[in-house]
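As structure tokens, the structure follows; a few thoughts come after it.
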Amino acid sequence: MRGVRWRRIASQTGRSLTVWAVSTATMLALAALLPDFQLQSPDGDSATRIAVTAACGAGAFAVLSAVVWPLLVRLLLLVPALVLGLLVFFLNGSLLLLALHINPSGSPEAAPETAVIVAAVMSAVASATGAALAVREDEAYRRRLHRLATRSRHARPPCPSAPGLVCVQLDGVGHDVLVEAVRKGLMPTVGRWLSTGDGIQPTAGGARPTGDGTGDRMQSTGATIRSAPDGTLSADDCIQQTGDTTHPTVHRIHPTHRLTPWRTDWSSQTGASQLGILHGTTFDVPAFRWYEKDRGEVMVCNRPTSAAELQHRAILHTGDGGLLTVDGASRGNLFSGGAGEQALVLSIATRRRERANRSRAGYFAYFSDPANAVRTALSFTAEVAREIGQSTRARLRKQRPRVGRGGLYPLVRAFATVVERDVVVAAVMGDMLAGRTCVYADLVAYDEVAHHSGPRSRDAEKVLQRLDRSLALLERVAEHAPRPYRIVVLSDHGQSPGETFRSRYGLTLGDLVRAGCGLPVPRRAERTRSGAEARAAVRAALRRPVEERNELPRTAPRSEPVVLASGNLGLISFPDVPHRMTEEEIDARHPGLLTTLANHPGIGFLLVRSEEHDGLVLGAHGARIPLAALDDEPGPLDRFGPGAADAVRRTHSFPHTADIMVNSAYDPADGEVLAFEEQIGSHGGLGGAQSRPFLLFPRELSAPAADGGELTGAEHIHRVLRRWLSELATPRVPLTPDPEEEQAA
């Protein structure tokens, strides 16, 4: 044992000296290349003295990075997260200037802007050198993970031997998008989980499209991978063909995971879905943003105060703390799920005085390592440049549909695709190495990019590739965790493509509502066909066919309607009326509004309250279907698929449903909707892929729906995850093996 210990110490010392030597050489090279970076005095020094100066500077910089950097990161917790990447460069350069200042050998100097470059390059080279040395020896990698695990388990009782559950949410990735990405070889880790055992898998290196343009088949060295009729990938669909044989031989394989779609509620967005998954209820969450008359406030799911209020309501409604109450961790989510360990959780962001509950506390564990900070900062900068290049190319090619991607969006995208991903993945790794029972993490990268580039764009596909690498990393870490883990990957909703409502018709939903109410609208909206038709509808409803002096008929002065958008779902509320208005009250107040909205080609249907029928769905050409008759009579909901009627009826029962709920038009032929926000990939209402997320789970776990039925609603997913946690805590008695599977094995 003593000999092993000394060998370990010698190995670690050797790696440290090697990194120091490489850092010294890097500093010498930079001094030769950069005119504003000098390692010698003005009078000149010998080569030996310059080398000693570089070695002392590299050593001082390494020590300061190890000692001072963690303190600086704690101060960064008080800084808005969006500017974190820029501050990393500045602070790292400041440490280098300090290291040069205290250097006992020579008189090194560097301009401040040059110091930033030198510090970034040296940190990146040192990190790469250390990683390369560790990768050369697998035992060194295992020891590194063991040290992280020991540090994570400090002051924690020994974890049980029962498997834990890690749930990774790929925000906004629809079921069909995931299947298509696997077929194209963009997500080899997921592809391997779905089809392993005989070497046939749709990977980028061994698979290629057949060239028919459909993407439904992939060929790989005589292998063809086909999808099942329902769009999923199954093991029996992997067929091996040899030579010119006309009868393929089917080889049974043993995939590790199953993939199934599930259906969201009407409000197909993260706020509702994640609240349902983590806290077991989506009650009274009609959209991503809505107006509450009793409180006089607009609720927005990604606003810290609103998230905290929604979580509080959910706990009161269910009487339960959430999915993660027993030794759980919540990472990068809107809600805590009752977890004791929380980082980057929006619902606790308002509790800044409580050190343990700071929403940004999760940054410290990651950025306390300066190499992590520099690597993420460099990736952040590269992502900003990538977004600017991609948006410029799309504008020059005049791609359609397209939305503006300027302003702060490049920074927002870089934060979502780099900083949030790196910090969350590192936190989940720490949770696994600490042996926590249940971890739920949200990776928002795809959702952010798909909103602006499109759900199936090349930009979004690149993000999926990087997310797959994150899953591969978590899988590798699970091998070194103190307990086995079952990795579940799921999404909270999908995204539906399509141009924006404003792009197609020249006015926003708010403009159309104002025109339908007889209120003034912007001149650009007045000149559109939709605006003119709305004005004509109002004049006809008020029996004023002749418009005088180009002025709209004005109703009695009242507060203006509040019009909010959640993807392709619109909500219209009249704040001066304390209750939810009925169809009859709206017609009496604004006779042309409902007709204008229902007959507009960009609107699929409306939901309103009715004194006669309780609830009504309104559509074009005078369609009026009571909620109770939605399943019996043909109407505007038919094209939105099964489950639409149930989703609308449930939303109608919410206390804070808007006076008028508006769902945009939907074309089943191409799956496109019209977003009321400036997004070409949207979600929030009914129509297309947005309502069809996925659940990818290990085969050791029981089937999500015992009867083989469809998974409907986030609350159902919550119950499934709770059942799986119970099963993992109390392992099931193994069933009698299938003789065919034994023979195949």
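Ordering of the structure tokens sets the chain letters (A, B, ...), residue numbers begin anew at 1 in every chain, and ligands are numbered from 1 in the order given.
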
*Any chance you could list, as number ranges by chain, the residues in segment 375-573 of chain A that come up strand (DSSP E) when DSSP is run on the backbone?*
A: 438-443, 485-490, 496-497, 562-566, 569-573

When you look at Ile717 of chain A with a cut-off of 12 Å (counting only C-alpha atoms), what residues show up, excluding the ones that are within fewer than 2 positions of it in the same chain? I need them as a CSV table (one decimal) with N, CA, C and O atoms, in the first residue's frame.
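File produced: part.csv:
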chain,number,residue,atom,x,y,z
A,167,CYS,N,-33.0,12.5,-13.9
A,167,CYS,CA,-33.9,12.9,-15.0
A,167,CYS,C,-33.3,14.2,-15.7
A,167,CYS,O,-33.1,15.2,-15.0
A,260,THR,N,-41.0,6.8,-25.9
A,260,THR,CA,-42.4,6.9,-26.1
A,260,THR,C,-42.8,8.4,-26.1
A,260,THR,O,-42.2,9.2,-25.3
A,261,PRO,N,-43.8,8.8,-26.9
A,261,PRO,CA,-44.2,10.2,-26.8
A,261,PRO,C,-45.3,10.3,-25.7
A,261,PRO,O,-45.8,9.4,-25.2
A,262,TRP,N,-45.5,11.6,-25.3
A,262,TRP,CA,-46.6,11.9,-24.4
A,262,TRP,C,-47.2,13.2,-24.9
A,262,TRP,O,-46.7,13.9,-25.7
A,263,ARG,N,-48.4,13.5,-24.4
A,263,ARG,CA,-49.2,14.6,-24.9
A,263,ARG,C,-49.3,15.7,-23.8
A,263,ARG,O,-49.7,15.3,-22.6
A,264,THR,N,-49.1,16.9,-24.1
A,264,THR,CA,-49.2,18.0,-23.1
A,264,THR,C,-50.6,18.4,-22.9
A,264,THR,O,-51.5,18.0,-23.7
A,265,ASP,N,-50.8,19.3,-22.0
A,265,ASP,CA,-52.1,20.0,-21.9
A,265,ASP,C,-52.2,21.1,-23.0
A,265,ASP,O,-51.3,21.3,-23.8
A,273,SER,N,-45.7,22.4,-17.8
A,273,SER,CA,-45.2,21.0,-17.9
A,273,SER,C,-44.3,20.7,-16.7
A,273,SER,O,-44.4,19.7,-16.0
A,274,GLN,N,-43.4,21.6,-16.4
A,274,GLN,CA,-42.4,21.3,-15.4
A,274,GLN,C,-43.1,21.4,-14.0
A,274,GLN,O,-42.7,20.7,-13.1
A,275,LEU,N,-44.0,22.3,-13.8
A,275,LEU,CA,-44.8,22.3,-12.6
A,275,LEU,C,-45.5,21.0,-12.4
A,275,LEU,O,-45.6,20.5,-11.3
A,276,GLY,N,-46.1,20.5,-13.4
A,276,GLY,CA,-46.8,19.2,-13.3
A,276,GLY,C,-45.9,18.1,-13.1
A,276,GLY,O,-46.2,17.2,-12.3
A,277,ILE,N,-44.7,18.1,-13.7
A,277,ILE,CA,-43.7,17.0,-13.6
A,277,ILE,C,-43.1,17.0,-12.2
A,277,ILE,O,-43.0,15.9,-11.5
A,278,LEU,N,-42.8,18.2,-11.7
A,278,LEU,CA,-42.1,18.2,-10.4
A,278,LEU,C,-43.0,18.3,-9.2
A,278,LEU,O,-42.7,17.8,-8.1
A,279,HIS,N,-44.2,18.9,-9.4
A,279,HIS,CA,-45.1,19.1,-8.2
A,279,HIS,C,-46.5,18.5,-8.4
A,279,HIS,O,-47.3,18.6,-7.5
A,280,GLY,N,-46.7,17.8,-9.5
A,280,GLY,CA,-47.9,17.0,-9.7
A,280,GLY,C,-49.1,17.7,-10.0
A,280,GLY,O,-50.2,17.1,-9.9
A,281,THR,N,-49.1,18.9,-10.4
A,281,THR,CA,-50.3,19.6,-10.8
A,281,THR,C,-50.0,20.7,-11.8
A,281,THR,O,-49.0,21.4,-11.7
A,282,THR,N,-50.9,20.9,-12.8
A,282,THR,CA,-50.8,22.0,-13.7
A,282,THR,C,-52.1,22.9,-13.6
A,282,THR,O,-52.4,23.7,-14.5
A,323,LEU,N,-41.6,16.1,-6.2
A,323,LEU,CA,-41.0,14.9,-6.6
A,323,LEU,C,-39.6,14.7,-5.9
A,323,LEU,O,-39.2,13.5,-5.6
A,488,VAL,N,-33.0,8.9,-17.0
A,488,VAL,CA,-34.2,9.1,-17.8
A,488,VAL,C,-34.0,10.5,-18.5
A,488,VAL,O,-33.6,11.5,-17.9
A,490,LEU,N,-36.1,13.3,-20.9
A,490,LEU,CA,-37.5,13.6,-21.3
A,490,LEU,C,-37.5,15.1,-21.7
A,490,LEU,O,-36.6,15.8,-21.6
A,491,SER,N,-38.6,15.4,-22.3
A,491,SER,CA,-38.8,16.8,-22.7
A,491,SER,C,-40.2,17.3,-22.1
A,491,SER,O,-41.0,16.5,-21.8
A,492,ASP,N,-40.3,18.6,-22.0
A,492,ASP,CA,-41.5,19.2,-21.4
A,492,ASP,C,-42.5,19.6,-22.5
A,492,ASP,O,-43.7,19.8,-22.2
A,693,PRO,N,-44.1,15.9,-26.7
A,693,PRO,CA,-42.7,15.6,-26.2
A,693,PRO,C,-42.5,14.2,-26.1
A,693,PRO,O,-43.3,13.3,-26.5
A,694,PHE,N,-41.3,13.8,-25.5
A,694,PHE,CA,-40.9,12.4,-25.4
A,694,PHE,C,-40.5,12.0,-24.0
A,694,PHE,O,-40.2,12.9,-23.2
A,695,LEU,N,-40.5,10.7,-23.8
A,695,LEU,CA,-40.0,10.1,-22.5
A,695,LEU,C,-39.1,9.0,-22.9
A,695,LEU,O,-39.5,8.0,-23.5
A,696,LEU,N,-37.8,9.1,-22.6
A,696,LEU,CA,-36.8,8.0,-22.9
A,696,LEU,C,-36.4,7.4,-21.5
A,696,LEU,O,-35.8,8.1,-20.7
A,697,PHE,N,-36.6,6.1,-21.3
A,697,PHE,CA,-36.4,5.6,-20.0
A,697,PHE,C,-35.7,4.2,-20.1
A,697,PHE,O,-35.9,3.5,-21.1
A,703,ALA,N,-43.3,-0.1,-17.5
A,703,ALA,CA,-43.9,0.7,-18.6
A,703,ALA,C,-44.7,1.9,-18.0
A,703,ALA,O,-45.3,1.8,-17.0
A,704,PRO,N,-44.5,3.1,-18.7
A,704,PRO,CA,-45.2,4.3,-18.1
A,704,PRO,C,-46.7,4.1,-18.0
A,704,PRO,O,-47.3,4.5,-17.0
A,705,ALA,N,-47.3,3.5,-19.0
A,705,ALA,CA,-48.8,3.2,-19.0
A,705,ALA,C,-49.0,1.7,-19.0
A,705,ALA,O,-48.6,1.0,-20.0
A,710,GLU,N,-52.0,6.0,-24.0
A,710,GLU,CA,-51.2,7.2,-24.2
A,710,GLU,C,-50.9,7.9,-22.9
A,710,GLU,O,-51.8,8.0,-22.0
A,711,LEU,N,-49.7,8.5,-22.8
A,711,LEU,CA,-49.4,9.3,-21.6
A,711,LEU,C,-50.0,10.7,-21.9
A,711,LEU,O,-49.6,11.4,-22.9
A,712,THR,N,-50.9,11.2,-21.0
A,712,THR,CA,-51.5,12.5,-21.2
A,712,THR,C,-51.3,13.4,-20.1
A,712,THR,O,-51.7,13.1,-18.9
A,713,GLY,N,-50.7,14.5,-20.3
A,713,GLY,CA,-50.5,15.5,-19.3
A,713,GLY,C,-49.2,15.3,-18.4
A,713,GLY,O,-48.8,14.2,-18.2
A,714,ALA,N,-48.7,16.4,-18.0
A,714,ALA,CA,-47.5,16.4,-17.1
A,714,ALA,C,-47.8,15.8,-15.8
A,714,ALA,O,-46.9,15.2,-15.2
A,715,GLU,N,-49.0,15.8,-15.3
A,715,GLU,CA,-49.3,15.2,-14.0
A,715,GLU,C,-49.2,13.7,-14.1
A,715,GLU,O,-48.8,13.0,-13.2
A,719,ARG,N,-46.7,11.1,-11.9
A,719,ARG,CA,-47.0,9.9,-11.2
A,719,ARG,C,-46.1,8.7,-11.7
A,719,ARG,O,-45.8,7.8,-10.9
A,720,VAL,N,-45.7,8.7,-12.9
A,720,VAL,CA,-44.8,7.7,-13.5
A,720,VAL,C,-43.5,7.8,-12.8
A,720,VAL,O,-42.9,6.8,-12.3
A,721,LEU,N,-42.9,9.0,-12.6
A,721,LEU,CA,-41.6,9.1,-12.0
A,721,LEU,C,-41.7,8.8,-10.5
A,721,LEU,O,-40.7,8.2,-10.0
A,722,ARG,N,-42.7,9.1,-9.9
A,722,ARG,CA,-42.9,8.7,-8.5
A,722,ARG,C,-42.9,7.1,-8.4
A,722,ARG,O,-42.3,6.6,-7.5
A,723,ARG,N,-43.6,6.5,-9.3
A,723,ARG,CA,-43.7,5.0,-9.3
A,723,ARG,C,-42.3,4.4,-9.5
A,723,ARG,O,-41.9,3.5,-8.8
A,724,TRP,N,-41.5,5.0,-10.4
A,724,TRP,CA,-40.2,4.5,-10.7
A,724,TRP,C,-39.3,4.7,-9.5
A,724,TRP,O,-38.5,3.8,-9.1

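Remark: for Ser195 of chain A, the closest of the candidate residues A:Ala55, A:Leu259, A:Ala25, A:Val166 is A:Leu259 (distances computed over only C-alpha atoms).
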
*Which value, in Å to one decimal, gives the distance between atom CA of Tyr291 of chain A and atom CA of Val562 of chain A?*
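Atom-to-atom, atom CA of Tyr291 of chain A to atom CA of Val562 of chain A, that is 7.5 Å.
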
*asked:* For a test of reading the model, state the distance in Å between atom CA of Glu383 of chain A and atom CA of Arg413 of chain A, rounded to one decimal.
replied: 7.8 Å

_Just to confirm, what's the straight-line distance from atom CA of Ser347 of chain A to atom CA of Thr270 of chain A in Å (one decimal)?_
13.4 Å

*Pick out the closest residue to Gln269 of chain A from this set: A:Arg395, A:Gly685, A:Thr381, A:Ile603. Count only C-alpha atoms.*
A:Gly685

*Hey, what's within 12 Å of Val449 of chain A if we count only C-alpha atoms and toss same-chain stuff fewer than 2 positions away? As a ChimeraX atom specification, please?*
/A:171-173,383,386-387,390-391,403,405,409-418,444-447,451-464,495,679-682
